[in-house]
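With CSV, C-alpha atoms inside, this is run07.csv:
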```
chain,number,residue,atom,x,y,z
A,7,MET,CA,20.2,-11.1,16.8
A,8,ARG,CA,16.7,-9.7,16.1
A,9,ALA,CA,14.8,-11.0,13.1
A,10,TYR,CA,14.8,-7.7,11.2
A,11,GLU,CA,18.6,-7.6,11.3
A,12,ARG,CA,18.8,-10.9,9.6
A,13,PHE,CA,16.1,-9.7,7.2
A,14,LEU,CA,18.1,-6.7,6.1
A,15,LYS,CA,21.0,-9.0,5.1
A,16,TYR,CA,18.8,-11.4,3.2
A,17,ALA,CA,16.8,-8.7,1.4
A,18,ARG,CA,20.0,-7.4,-0.2
A,19,ILE,CA,20.5,-10.8,-1.8
A,20,GLY,CA,18.3,-10.5,-4.9
A,21,THR,CA,16.4,-13.8,-5.5
A,22,PRO,CA,13.6,-13.3,-8.1
A,23,SER,CA,12.4,-16.5,-9.6
A,24,SER,CA,11.3,-16.9,-13.2
A,25,ASP,CA,8.7,-19.0,-15.0
A,26,ARG,CA,10.6,-18.7,-18.3
A,27,THR,CA,13.7,-20.9,-17.7
A,28,GLY,CA,12.3,-24.4,-17.1
A,29,ARG,CA,15.0,-25.1,-14.5
A,30,THR,CA,15.1,-25.9,-10.8
A,31,PRO,CA,15.8,-23.5,-9.2
A,32,SER,CA,14.5,-21.3,-11.9
A,33,THR,CA,17.2,-18.7,-11.3
A,34,ASP,CA,20.8,-19.2,-10.2
A,35,CYS,CA,20.7,-16.2,-7.8
A,36,GLN,CA,18.6,-18.3,-5.3
A,37,TRP,CA,21.7,-20.5,-4.6
A,38,GLU,CA,23.5,-17.5,-3.0
A,39,LEU,CA,20.8,-17.2,-0.3
A,40,ALA,CA,20.5,-21.0,0.1
A,41,LYS,CA,24.3,-21.3,0.8
A,42,GLU,CA,24.2,-18.4,3.2
A,43,LEU,CA,21.4,-20.0,5.2
A,44,VAL,CA,23.2,-23.3,5.4
A,45,GLU,CA,26.3,-21.7,6.8
A,46,GLU,CA,24.2,-19.8,9.4
A,47,LEU,CA,22.4,-23.0,10.4
A,48,LYS,CA,25.7,-24.7,10.9
A,49,GLN,CA,26.8,-21.8,13.2
A,50,LEU,CA,23.6,-22.2,15.2
A,51,GLY,CA,24.4,-25.9,15.8
A,52,MET,CA,21.4,-27.2,13.9
A,53,GLU,CA,21.5,-30.9,12.9
A,54,ASN,CA,22.4,-31.8,9.3
A,55,PRO,CA,22.0,-28.3,7.7
A,56,SER,CA,22.2,-28.8,3.9
A,57,VAL,CA,21.0,-27.7,0.5
A,58,ASP,CA,20.1,-30.4,-2.0
A,59,GLY,CA,20.4,-30.4,-5.8
A,60,ASN,CA,17.0,-28.6,-6.1
A,61,CYS,CA,18.1,-25.7,-3.9
A,62,ILE,CA,15.9,-26.8,-0.9
A,63,VAL,CA,17.6,-26.0,2.4
A,64,THR,CA,16.7,-28.2,5.4
A,65,ALA,CA,17.9,-28.7,9.0
A,66,TRP,CA,16.6,-30.1,12.3
A,67,LEU,CA,16.9,-29.5,16.0
A,68,PRO,CA,16.7,-32.6,18.1
A,69,ALA,CA,14.1,-32.7,20.9
A,70,SER,CA,15.2,-31.6,24.3
A,71,PRO,CA,15.7,-34.5,26.8
A,72,GLY,CA,12.3,-35.7,28.0
A,73,HIS,CA,10.5,-34.3,25.0
A,74,GLU,CA,11.4,-36.9,22.5
A,75,ASN,CA,7.8,-38.1,22.2
A,76,ALA,CA,6.4,-34.7,21.3
A,77,PRO,CA,5.2,-34.4,17.7
A,78,ALA,CA,7.9,-33.0,15.4
A,79,ILE,CA,6.9,-29.5,14.1
A,80,GLY,CA,8.1,-28.0,10.9
A,81,PHE,CA,8.4,-24.4,9.8
A,82,LEU,CA,8.9,-23.4,6.1
A,83,ALA,CA,9.5,-20.2,4.2
A,84,HIS,CA,10.6,-19.5,0.6
A,85,MET,CA,13.7,-17.8,-0.6
A,86,ASP,CA,12.6,-16.4,-3.9
A,87,THR,CA,10.9,-13.1,-4.6
A,88,SER,CA,8.3,-12.2,-7.1
A,89,PRO,CA,9.4,-12.2,-10.8
A,90,ALA,CA,7.1,-9.1,-11.2
A,91,PHE,CA,10.3,-7.2,-10.2
A,92,PRO,CA,13.1,-9.2,-11.7
A,93,GLY,CA,15.9,-6.8,-10.6
A,94,GLN,CA,18.3,-8.1,-8.0
A,95,VAL,CA,19.4,-4.8,-6.3
A,96,VAL,CA,17.3,-4.3,-3.2
A,97,GLU,CA,18.2,-1.5,-0.7
A,98,PRO,CA,16.1,-1.6,2.5
A,99,VAL,CA,15.4,1.7,4.2
A,100,LEU,CA,14.7,2.0,7.9
A,101,HIS,CA,12.2,4.6,9.2
A,102,PRO,CA,12.7,4.6,13.0
A,103,ASN,CA,9.8,5.7,15.2
A,104,TYR,CA,7.6,6.0,12.1
A,105,ASP,CA,5.0,8.7,12.5
A,106,GLY,CA,2.1,6.9,10.8
A,107,GLY,CA,2.0,9.3,7.9
A,108,ASP,CA,2.8,9.1,4.2
A,109,VAL,CA,6.2,7.5,3.5
A,110,VAL,CA,8.3,9.2,0.8
A,111,LEU,CA,10.7,6.7,-0.8
A,112,PRO,CA,14.1,7.9,-1.9
A,113,LYS,CA,13.9,6.9,-5.5
A,114,GLU,CA,11.5,7.2,-8.5
A,115,GLY,CA,9.2,9.6,-6.8
A,116,ARG,CA,7.2,6.9,-5.1
A,117,VAL,CA,5.1,7.6,-2.0
A,118,ILE,CA,3.3,5.0,0.3
A,119,ARG,CA,0.2,7.0,1.1
A,120,VAL,CA,-2.0,6.6,4.1
A,121,ALA,CA,-5.0,7.4,1.8
A,122,ASP,CA,-4.2,4.3,-0.2
A,123,PHE,CA,-3.1,2.1,2.7
A,124,PRO,CA,-4.9,3.1,5.9
A,125,PHE,CA,-3.2,0.3,7.9
A,126,LEU,CA,-0.1,2.5,8.0
A,127,LYS,CA,-1.6,4.5,10.9
A,128,SER,CA,-1.5,1.4,13.1
A,129,LEU,CA,2.3,1.1,12.6
A,130,ALA,CA,3.0,4.5,14.1
A,131,GLY,CA,5.9,4.4,16.7
A,132,LYS,CA,7.4,1.3,15.2
A,133,THR,CA,10.6,0.9,13.0
A,134,LEU,CA,9.1,0.7,9.5
A,135,ILE,CA,11.2,-1.0,6.8
A,136,THR,CA,10.7,-0.3,3.1
A,137,ALA,CA,12.6,-0.6,-0.1
A,138,ASP,CA,14.0,2.6,-1.7
A,139,GLY,CA,11.3,2.9,-4.4
A,140,SER,CA,13.2,1.2,-7.2
A,141,SER,CA,12.3,-2.4,-6.3
A,142,LEU,CA,10.2,-4.6,-4.1
A,143,LEU,CA,11.5,-5.2,-0.5
A,144,GLY,CA,11.3,-9.0,-0.4
A,145,ALA,CA,9.5,-9.4,2.9
A,146,ASP,CA,7.6,-12.0,1.0
A,147,ASP,CA,9.2,-14.2,2.1
A,148,LYS,CA,12.6,-13.3,3.5
A,149,ALA,CA,10.9,-11.9,6.6
A,150,GLY,CA,9.6,-15.4,7.1
A,151,VAL,CA,13.0,-16.8,6.6
A,152,ALA,CA,14.5,-14.4,9.1
A,153,GLU,CA,11.9,-15.2,11.7
A,154,ILE,CA,12.4,-18.9,11.4
A,155,MET,CA,16.2,-18.5,11.6
A,156,THR,CA,15.8,-16.3,14.7
A,157,MET,CA,13.5,-18.9,16.3
A,158,CYS,CA,16.2,-21.5,15.6
A,159,GLU,CA,18.9,-19.3,17.3
A,160,ARG,CA,16.7,-18.9,20.4
A,161,LEU,CA,15.9,-22.6,20.6
A,162,ALA,CA,19.5,-23.6,20.0
A,163,ALA,CA,20.5,-21.6,23.1
A,164,GLY,CA,19.1,-24.5,25.1
A,165,ASP,CA,16.9,-22.7,27.6
A,166,ARG,CA,13.6,-23.6,26.1
A,167,PRO,CA,12.3,-27.2,26.2
A,168,HIS,CA,11.1,-28.3,22.8
A,169,GLY,CA,10.2,-31.3,20.7
A,170,ARG,CA,12.0,-32.0,17.4
A,171,VAL,CA,11.9,-28.9,15.2
A,172,CYS,CA,12.4,-29.2,11.4
A,173,VAL,CA,13.0,-26.2,9.2
A,174,ALA,CA,13.1,-25.8,5.4
A,175,PHE,CA,13.6,-23.0,2.9
A,176,THR,CA,12.3,-23.6,-0.6
A,177,PRO,CA,13.0,-22.0,-4.0
A,178,ASP,CA,10.5,-21.0,-6.7
A,179,GLU,CA,7.3,-20.6,-4.5
A,180,GLU,CA,6.4,-17.5,-6.4
A,181,ILE,CA,6.0,-19.5,-9.6
A,182,GLY,CA,4.2,-22.3,-7.9
A,183,GLU,CA,7.0,-24.8,-7.9
A,184,GLY,CA,8.3,-24.7,-4.3
A,185,PRO,CA,7.1,-28.2,-3.3
A,186,ASP,CA,7.9,-29.8,-6.6
A,187,HIS,CA,10.9,-31.7,-5.2
A,188,PHE,CA,10.1,-31.6,-1.5
A,189,ASP,CA,10.6,-34.9,0.3
A,190,VAL,CA,8.0,-34.9,3.1
A,191,ALA,CA,9.1,-38.2,4.6
A,192,ALA,CA,12.8,-37.0,4.8
A,193,PHE,CA,11.7,-33.7,6.3
A,194,GLY,CA,10.5,-35.6,9.3
A,195,ALA,CA,7.8,-33.3,10.7
A,196,LYS,CA,4.3,-34.5,11.6
A,197,TYR,CA,2.8,-31.1,11.2
A,198,ALA,CA,4.2,-27.8,9.8
A,199,TYR,CA,3.5,-24.1,9.3
A,200,THR,CA,4.5,-22.0,6.4
A,201,VAL,CA,5.5,-18.5,7.5
A,202,ASP,CA,4.5,-16.6,4.4
A,203,GLY,CA,1.4,-14.5,5.2
A,204,GLY,CA,0.7,-10.9,5.9
A,205,ALA,CA,0.2,-9.1,9.2
A,206,ALA,CA,1.6,-10.5,12.5
A,207,GLY,CA,-1.0,-12.8,14.0
A,208,SER,CA,-2.7,-13.7,10.8
A,209,ILE,CA,-3.5,-17.4,10.5
A,210,GLU,CA,-4.7,-18.9,7.2
A,211,TYR,CA,-5.9,-22.4,6.5
A,212,GLU,CA,-8.2,-21.6,3.6
A,213,ASN,CA,-6.7,-20.7,0.2
A,214,PHE,CA,-7.7,-20.5,-3.4
A,215,ASN,CA,-8.0,-23.5,-5.7
A,216,ALA,CA,-5.7,-22.4,-8.5
A,217,ALA,CA,-5.1,-23.1,-12.2
A,218,ALA,CA,-2.8,-21.6,-14.9
A,219,ALA,CA,-4.0,-21.2,-18.5
A,220,ARG,CA,-2.0,-20.4,-21.6
A,221,ILE,CA,-3.9,-19.5,-24.8
A,222,THR,CA,-2.0,-19.5,-28.1
A,223,ILE,CA,-3.7,-17.9,-31.1
A,224,THR,CA,-2.5,-18.3,-34.6
A,225,GLY,CA,-4.1,-15.7,-36.9
A,226,VAL,CA,-4.1,-15.2,-40.6
A,227,SER,CA,-1.9,-12.2,-41.5
A,228,VAL,CA,-2.2,-10.6,-44.9
A,229,HIS,CA,-1.7,-7.0,-46.2
A,230,PRO,CA,-4.5,-4.9,-44.7
A,231,GLY,CA,-5.3,-3.4,-48.1
A,232,THR,CA,-6.5,-6.8,-49.4
A,233,ALA,CA,-7.5,-8.3,-46.1
A,234,LYS,CA,-11.3,-8.4,-46.5
A,235,GLY,CA,-12.7,-11.9,-45.8
A,236,ILE,CA,-9.2,-13.2,-45.2
A,237,MET,CA,-7.4,-11.6,-42.3
A,238,GLU,CA,-7.8,-13.1,-38.8
A,239,ASN,CA,-6.2,-10.7,-36.3
A,240,ALA,CA,-4.8,-12.7,-33.4
A,241,LEU,CA,-4.9,-9.7,-31.1
A,242,LEU,CA,-8.6,-9.1,-31.8
A,243,ILE,CA,-9.4,-12.8,-31.1
A,244,ALA,CA,-7.5,-12.4,-27.8
A,245,GLN,CA,-9.7,-9.4,-27.0
A,246,GLN,CA,-12.8,-11.4,-27.9
A,247,ILE,CA,-11.8,-14.3,-25.6
A,248,ASN,CA,-11.2,-11.9,-22.7
A,249,GLY,CA,-14.4,-10.1,-23.4
A,250,LEU,CA,-16.3,-13.4,-22.9
A,251,LEU,CA,-15.2,-13.6,-19.3
A,252,PRO,CA,-17.0,-11.7,-16.5
A,253,ALA,CA,-15.6,-8.1,-16.4
A,254,GLU,CA,-16.2,-7.8,-12.7
A,255,GLU,CA,-14.5,-11.0,-11.7
A,256,ILE,CA,-10.9,-9.7,-11.8
A,257,PRO,CA,-8.5,-9.2,-8.8
A,258,ALA,CA,-9.1,-5.4,-8.7
A,259,ARG,CA,-12.8,-5.9,-8.1
A,260,THR,CA,-13.0,-8.9,-5.8
A,261,GLU,CA,-12.2,-9.7,-2.2
A,262,GLY,CA,-12.6,-12.3,0.5
A,263,TYR,CA,-13.8,-15.6,-0.8
A,264,GLU,CA,-14.6,-14.1,-4.3
A,265,GLY,CA,-12.8,-15.8,-7.2
A,266,PHE,CA,-11.4,-14.3,-10.3
A,267,PHE,CA,-9.8,-14.6,-13.7
A,268,HIS,CA,-6.5,-12.7,-14.0
A,269,MET,CA,-4.8,-12.1,-17.3
A,270,ASP,CA,-1.2,-11.4,-16.4
A,271,TYR,CA,0.4,-11.8,-19.8
A,272,LEU,CA,-0.5,-10.8,-23.3
A,273,ASN,CA,1.9,-10.5,-26.2
A,274,GLY,CA,1.4,-10.7,-29.9
A,275,THR,CA,0.9,-9.4,-33.4
A,276,THR,CA,-1.8,-9.8,-36.1
A,277,ALA,CA,-0.2,-13.1,-36.9
A,278,SER,CA,0.0,-14.7,-33.5
A,279,ALA,CA,-0.7,-13.9,-29.8
A,280,VAL,CA,-0.2,-15.6,-26.4
A,281,MET,CA,-2.4,-14.9,-23.4
A,282,GLU,CA,-1.7,-16.3,-19.9
A,283,TYR,CA,-4.3,-16.4,-17.1
A,284,ILE,CA,-4.4,-17.5,-13.5
A,285,ILE,CA,-7.8,-18.7,-12.3
A,286,ARG,CA,-8.7,-18.7,-8.6
A,287,ASP,CA,-11.7,-19.7,-6.5
A,288,HIS,CA,-12.1,-21.0,-2.9
A,289,ASP,CA,-15.0,-23.3,-3.8
A,290,ARG,CA,-14.1,-26.4,-5.7
A,291,ASP,CA,-17.3,-26.4,-7.8
A,292,SER,CA,-17.0,-22.7,-8.6
A,293,PHE,CA,-13.4,-23.4,-9.6
A,294,ALA,CA,-14.5,-26.1,-12.0
A,295,ARG,CA,-17.1,-23.7,-13.5
A,296,ARG,CA,-14.5,-21.0,-14.1
A,297,LYS,CA,-12.3,-23.4,-16.0
A,298,ALA,CA,-15.2,-24.6,-18.0
A,299,LEU,CA,-16.1,-21.0,-18.8
A,300,LEU,CA,-12.6,-20.3,-20.2
A,301,GLU,CA,-12.8,-23.5,-22.3
A,302,ARG,CA,-16.1,-22.3,-23.8
A,303,ALA,CA,-14.8,-18.9,-24.5
A,304,CYS,CA,-11.9,-20.4,-26.4
A,305,ALA,CA,-14.1,-22.8,-28.2
A,306,GLN,CA,-16.5,-20.0,-29.2
A,307,ALA,CA,-13.7,-17.9,-30.6
A,308,ALA,CA,-12.3,-20.8,-32.5
A,309,ALA,CA,-15.7,-21.6,-34.0
A,310,GLU,CA,-16.2,-18.0,-35.1
A,311,HIS,CA,-12.7,-17.8,-36.7
A,312,PRO,CA,-12.3,-21.1,-38.5
A,313,THR,CA,-9.2,-20.2,-40.4
A,314,ALA,CA,-7.4,-19.1,-37.3
A,315,LYS,CA,-6.2,-21.5,-34.6
A,316,VAL,CA,-6.9,-21.2,-30.8
A,317,GLU,CA,-5.1,-23.6,-28.5
A,318,LEU,CA,-5.8,-23.7,-24.7
A,319,GLU,CA,-3.4,-25.3,-22.2
A,320,MET,CA,-4.7,-25.4,-18.6
A,321,LYS,CA,-3.2,-27.0,-15.6
A,322,ASP,CA,-4.3,-27.0,-11.9
A,323,SER,CA,-1.6,-25.5,-9.6
A,324,TYR,CA,-2.9,-26.3,-6.1
A,325,TYR,CA,-6.1,-26.8,-4.1
A,326,ASN,CA,-7.8,-25.4,-1.0
A,327,MET,CA,-5.9,-26.8,2.0
A,328,LYS,CA,-9.0,-26.5,4.1
A,329,GLU,CA,-10.0,-29.9,2.8
A,330,LYS,CA,-6.9,-31.5,4.3
A,331,LEU,CA,-6.8,-29.6,7.5
A,332,ALA,CA,-10.3,-30.4,8.7
A,333,GLY,CA,-8.9,-33.1,11.0
A,334,CYS,CA,-6.0,-31.0,12.2
A,335,MET,CA,-7.7,-28.0,13.6
A,336,HIS,CA,-5.3,-28.1,16.7
A,337,LEU,CA,-2.8,-26.4,14.3
A,338,ILE,CA,-5.1,-23.4,14.1
A,339,GLU,CA,-6.1,-23.4,17.8
A,340,ASN,CA,-2.5,-23.6,18.9
A,341,ALA,CA,-1.5,-20.8,16.5
A,342,LYS,CA,-4.2,-18.6,18.0
A,343,THR,CA,-3.1,-19.4,21.5
A,344,ALA,CA,0.5,-18.8,20.5
A,345,ALA,CA,-0.3,-15.4,19.1
A,346,ARG,CA,-2.0,-14.4,22.3
A,347,MET,CA,1.0,-15.6,24.3
A,348,ALA,CA,3.1,-13.3,22.2
A,349,GLY,CA,0.7,-10.3,22.9
A,350,VAL,CA,-0.9,-10.3,19.4
A,351,GLU,CA,-4.6,-10.8,18.7
A,352,PRO,CA,-4.9,-13.5,16.1
A,353,VAL,CA,-6.9,-13.1,12.9
A,354,VAL,CA,-8.1,-16.1,11.0
A,355,GLU,CA,-8.7,-15.3,7.4
A,356,PRO,CA,-8.7,-16.9,3.9
A,357,ILE,CA,-5.7,-16.5,1.7
A,358,ARG,CA,-6.3,-14.8,-1.6
A,359,GLY,CA,-3.5,-16.8,-3.1
A,360,GLY,CA,-1.6,-19.9,-2.1
A,361,THR,CA,1.5,-21.1,-0.3
A,362,ASP,CA,3.8,-24.1,-0.4
A,363,GLY,CA,1.7,-25.4,2.4
A,364,ALA,CA,-1.4,-25.7,0.2
A,365,ARG,CA,0.4,-28.3,-1.9
A,366,LEU,CA,2.2,-29.9,1.0
A,367,SER,CA,-1.1,-30.4,2.8
A,368,TYR,CA,-2.2,-32.6,-0.1
A,369,VAL,CA,0.9,-34.8,0.1
A,370,GLY,CA,0.8,-35.7,3.8
A,371,LEU,CA,2.1,-32.6,5.6
A,372,PRO,CA,-0.7,-30.5,7.1
A,373,CYS,CA,0.6,-27.0,6.8
A,374,PRO,CA,-1.4,-23.8,7.5
A,375,ASN,CA,0.1,-20.4,7.0
A,376,LEU,CA,1.2,-17.7,9.4
A,377,GLY,CA,1.8,-14.0,8.9
A,378,VAL,CA,5.3,-12.5,8.7
A,379,GLY,CA,4.3,-8.9,9.7
A,380,GLY,CA,4.5,-7.5,6.2
A,381,TYR,CA,2.2,-5.6,3.8
A,382,ASN,CA,1.8,-4.7,0.1
A,383,PHE,CA,3.8,-7.6,-1.2
A,384,HIS,CA,5.1,-7.9,-4.8
A,385,GLY,CA,5.7,-4.2,-5.4
A,386,PRO,CA,7.7,-1.1,-4.4
A,387,MET,CA,5.1,-0.2,-1.7
A,388,GLU,CA,6.0,-3.2,0.3
A,389,CYS,CA,6.8,-2.8,4.0
A,390,VAL,CA,7.3,-4.6,7.3
A,391,THR,CA,8.2,-3.5,10.9
A,392,ALA,CA,11.0,-4.7,13.1
A,393,GLU,CA,8.6,-5.0,16.1
A,394,ASP,CA,6.1,-7.1,14.2
A,395,MET,CA,8.9,-9.4,13.1
A,396,ASP,CA,9.9,-9.8,16.8
A,397,ALA,CA,6.2,-10.6,17.5
A,398,VAL,CA,6.1,-13.3,14.8
A,399,THR,CA,9.3,-14.8,16.2
A,400,GLU,CA,7.7,-15.0,19.6
A,401,ILE,CA,4.6,-16.7,18.0
A,402,LEU,CA,6.8,-19.4,16.5
A,403,LEU,CA,8.5,-20.0,19.8
A,404,ALA,CA,5.2,-20.3,21.5
A,405,ILE,CA,4.0,-22.8,19.0
A,406,VAL,CA,7.0,-24.9,19.7
A,407,GLN,CA,6.4,-24.6,23.4
A,408,LEU,CA,2.8,-25.7,23.0
A,409,TYR,CA,3.6,-28.8,21.0
A,410,SER,CA,6.5,-29.7,23.4
A,411,ARG,CA,3.8,-30.4,26.0
A,412,SER,CA,1.9,-32.8,23.7
```
Whole structure, structure tokens version:
Amino acid sequence: MRAYERFLKYARIGTPSSDRTGRTPSTDCQWELAKELVEELKQLGMENPSVDGNCIVTAWLPASPGHENAPAIGFLAHMDTSPAFPGQVVEPVLHPNYDGGDVVLPKEGRVIRVADFPFLKSLAGKTLITADGSSLLGADDKAGVAEIMTMCERLAAGDRPHGRVCVAFTPDEEIGEGPDHFDVAAFGAKYAYTVDGGAAGSIEYENFNAAAARITITGVSVHPGTAKGIMENALLIAQQINGLLPAEEIPARTEGYEGFFHMDYLNGTTASAVMEYIIRDHDRDSFARRKALLERACAQAAAEHPTAKVELEMKDSYYNMKEKLAGCMHLIENAKTAARMAGVEPVVEPIRGGTDGARLSYVGLPCPNLGVGGYNFHGPMECVTAEDMDAVTEILLAIVQLYSRS
């Protein structure tokens, strides 16, 4: 079975996570995909396929005879999709022999335009896969899940020598909780790769340092006719705080290694308001300065509105994995070699985000990230191609081959 065929099946199982439930997994729908994967892993003859109480799926493939001393290599992908599109109905649409032009989606009048996404021209002639316009597609990261599963099928056939191969599929990566309950020692891999990036051949070992901030503002609400000298409008205080941050340092105006403040939630009334930010920077010192700037903005607003209340909660989410991979650059070099073996030119680039691997690298499992062959994640313009998914599967197999020789 080709990877895209598996992907079509997985994509139809809605699995959005949620940062509002306080549970693990954060949504019950993730269990459906987890159980499906366990059954498939059993059919492939993998060793000990199981899903634990935290919805983490794991399985192993014992080393081929004569390769028992090769380092155990792990591959991970996440089952959840972005909560930005919480609906669970996903209908993939195939565009065979795509012509490289604008893609008209069947629903809601959406069009994926070449003018907006010039990379589309490079996909001409391939089988393009999109959603129908009413949802995201879920290639982040069900394409990665499908590619790892297809790799397992090929390895389990027994005609490729390999060391021990460990696979895992996690819940709740999109809300930053994927590795919360991951048992690195039990997983058994010496090194691993997350398969959770963009274009086929992309290799990422530098990611943002990340923090999440929640600001709760309690205003003073009185009748506007008698409000002079008394009212403290929580919404205006929220505007003031945001206005104290650099206007150019937002996701829409930054790229590459540039960090940002991203307000992704604001809700409130005159009486009270809540703001939520994510804070990102590749450089650890700049990251610290960003957090300090938000603290000063909140303190200034609180000082200027003494009868109101401004509360800031801020928590680090993950750090730049580059710090932990400096001594394991063979992971990057082997991934580059594997991409070329698969006929793909590798591109090493920083992640403007994070993966489960960023956190796992800090708890003893060095874990760079590989592309899945997808684009435009987290929205209805998302797409992937069947051929690029085949190429990623070949890259994974080549990585296993390279480490089997170690």
Neighbours of point (13.1, -24.6, -10.8) within 8 Å, using only C-alpha atoms, written as a PyMOL selection string: chain A and resi 27-33+60+177-178+183
Near Thr361 (chain A), within 9 Å and counting only C-alpha atoms, which residues show up once chain neighbours fewer than 2 positions away are dropped, as a PDB file with C-alpha atoms, in the coordinates of the input?
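In the end it all went to selection-v4.pdb:
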```pdb
ATOM      1  CA  GLU A 179       7.300 -20.600  -4.500  1.00  0.00           C
ATOM      2  CA  GLU A 180       6.400 -17.500  -6.400  1.00  0.00           C
ATOM      3  CA  GLY A 182       4.200 -22.300  -7.900  1.00  0.00           C
ATOM      4  CA  GLY A 184       8.300 -24.700  -4.300  1.00  0.00           C
ATOM      5  CA  THR A 200       4.500 -22.000   6.400  1.00  0.00           C
ATOM      6  CA  ASP A 202       4.500 -16.600   4.400  1.00  0.00           C
ATOM      7  CA  GLY A 203       1.400 -14.500   5.200  1.00  0.00           C
ATOM      8  CA  ASN A 213      -6.700 -20.700   0.200  1.00  0.00           C
ATOM      9  CA  TYR A 324      -2.900 -26.300  -6.100  1.00  0.00           C
ATOM     10  CA  ILE A 357      -5.700 -16.500   1.700  1.00  0.00           C
ATOM     11  CA  GLY A 359      -3.500 -16.800  -3.100  1.00  0.00           C
ATOM     12  CA  GLY A 363       1.700 -25.400   2.400  1.00  0.00           C
ATOM     13  CA  ALA A 364      -1.400 -25.700   0.200  1.00  0.00           C
ATOM     14  CA  ARG A 365       0.400 -28.300  -1.900  1.00  0.00           C
ATOM     15  CA  LEU A 366       2.200 -29.900   1.000  1.00  0.00           C
ATOM     16  CA  PRO A 374      -1.400 -23.800   7.500  1.00  0.00           C
ATOM     17  CA  ASN A 375       0.100 -20.400   7.000  1.00  0.00           C
TER      18      ASN A 375
END
```
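CA of Arg259 (chain A) sits 22.9 Å away from CA of Arg302 (chain A).
For the set A:Ile223, A:Met157, A:Ala78, A:Gly235, the residue with the smallest atom-to-atom gap to Ala305 (chain A) is A:Ile223, counting all atoms listed in the file.
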List every protein, DNA or RNA residue that has an atom no more than 8 Å from (-5.0, -17.7, 10.4) in the file's coordinate frame, counting all atoms listed in the file, and report them as a PyMOL selection string. chain A and resi 207-211+338+341-342+352-356+374-377
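The environment of Leu408 (chain A) within 10 Å, counting all atoms listed in the file and disregarding residues fewer than 4 places along the same chain, consists of Ala76, His168, Gly169, Asn340, Ala341, Thr343, Ala344, Leu402, Leu403, Ala404 and Ser412 of chain A.
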Find the residues near Ala130 (chain A): any atom within 6 Å, counting all atoms listed in the file, skip ones fewer than 2 places away on the same chain, and give them as a list in words. Tyr104, Asp105, Gly106, Lys127, Ser128 and Lys132 of chain A
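Closest approach to Arg166 (chain A) among A:Thr275, A:Ser70, A:Thr260, A:Gln306 is made by A:Ser70 (distances from all atoms listed in the file).
The shortest atom-to-atom distance to His229 (chain A), with all atoms listed in the file taken into account, belongs to A:Thr276 out of A:Leu251, A:Thr276, A:His84, A:Asn103.
Each of A:Thr87, A:Gln36, A:Asn273, A:Thr64 was checked against Ala195 (chain A) using all atoms listed in the file; the smallest atom-to-atom distance is that of A:Thr64.
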Atom completion result for region 276-287 of chain A (N, CA and C atoms) as a compact mmCIF listing (two decimals), keeping the file's coordinate frame:
```txt
# COMPACT_ATOMS: atom_id res chain seq x y z
N THR A 276 -0.65 -9.30 -35.26
CA THR A 276 -1.80 -9.80 -36.10
C THR A 276 -1.62 -11.30 -36.31
N ALA A 277 -0.40 -11.75 -36.54
CA ALA A 277 -0.20 -13.10 -36.90
C ALA A 277 -0.32 -14.13 -35.79
N SER A 278 0.06 -13.72 -34.59
CA SER A 278 0.00 -14.70 -33.50
C SER A 278 -0.04 -13.90 -32.15
N ALA A 279 -0.61 -14.54 -31.15
CA ALA A 279 -0.70 -13.90 -29.80
C ALA A 279 -0.70 -15.02 -28.76
N VAL A 280 -0.21 -14.65 -27.56
CA VAL A 280 -0.20 -15.60 -26.40
C VAL A 280 -0.83 -14.81 -25.24
N MET A 281 -1.78 -15.47 -24.57
CA MET A 281 -2.40 -14.90 -23.40
C MET A 281 -2.15 -15.92 -22.24
N GLU A 282 -1.90 -15.40 -21.04
CA GLU A 282 -1.70 -16.30 -19.90
C GLU A 282 -2.65 -15.76 -18.77
N TYR A 283 -3.37 -16.70 -18.15
CA TYR A 283 -4.30 -16.40 -17.10
C TYR A 283 -3.93 -17.21 -15.83
N ILE A 284 -4.24 -16.65 -14.68
CA ILE A 284 -4.40 -17.50 -13.50
C ILE A 284 -5.86 -17.44 -13.10
N ILE A 285 -6.37 -18.58 -12.65
CA ILE A 285 -7.80 -18.70 -12.30
C ILE A 285 -7.84 -19.14 -10.84
N ARG A 286 -8.69 -18.47 -10.07
CA ARG A 286 -8.70 -18.70 -8.60
C ARG A 286 -10.17 -18.75 -8.12
N ASP A 287 -10.42 -19.67 -7.19
CA ASP A 287 -11.70 -19.70 -6.50
C ASP A 287 -11.56 -20.59 -5.24
```
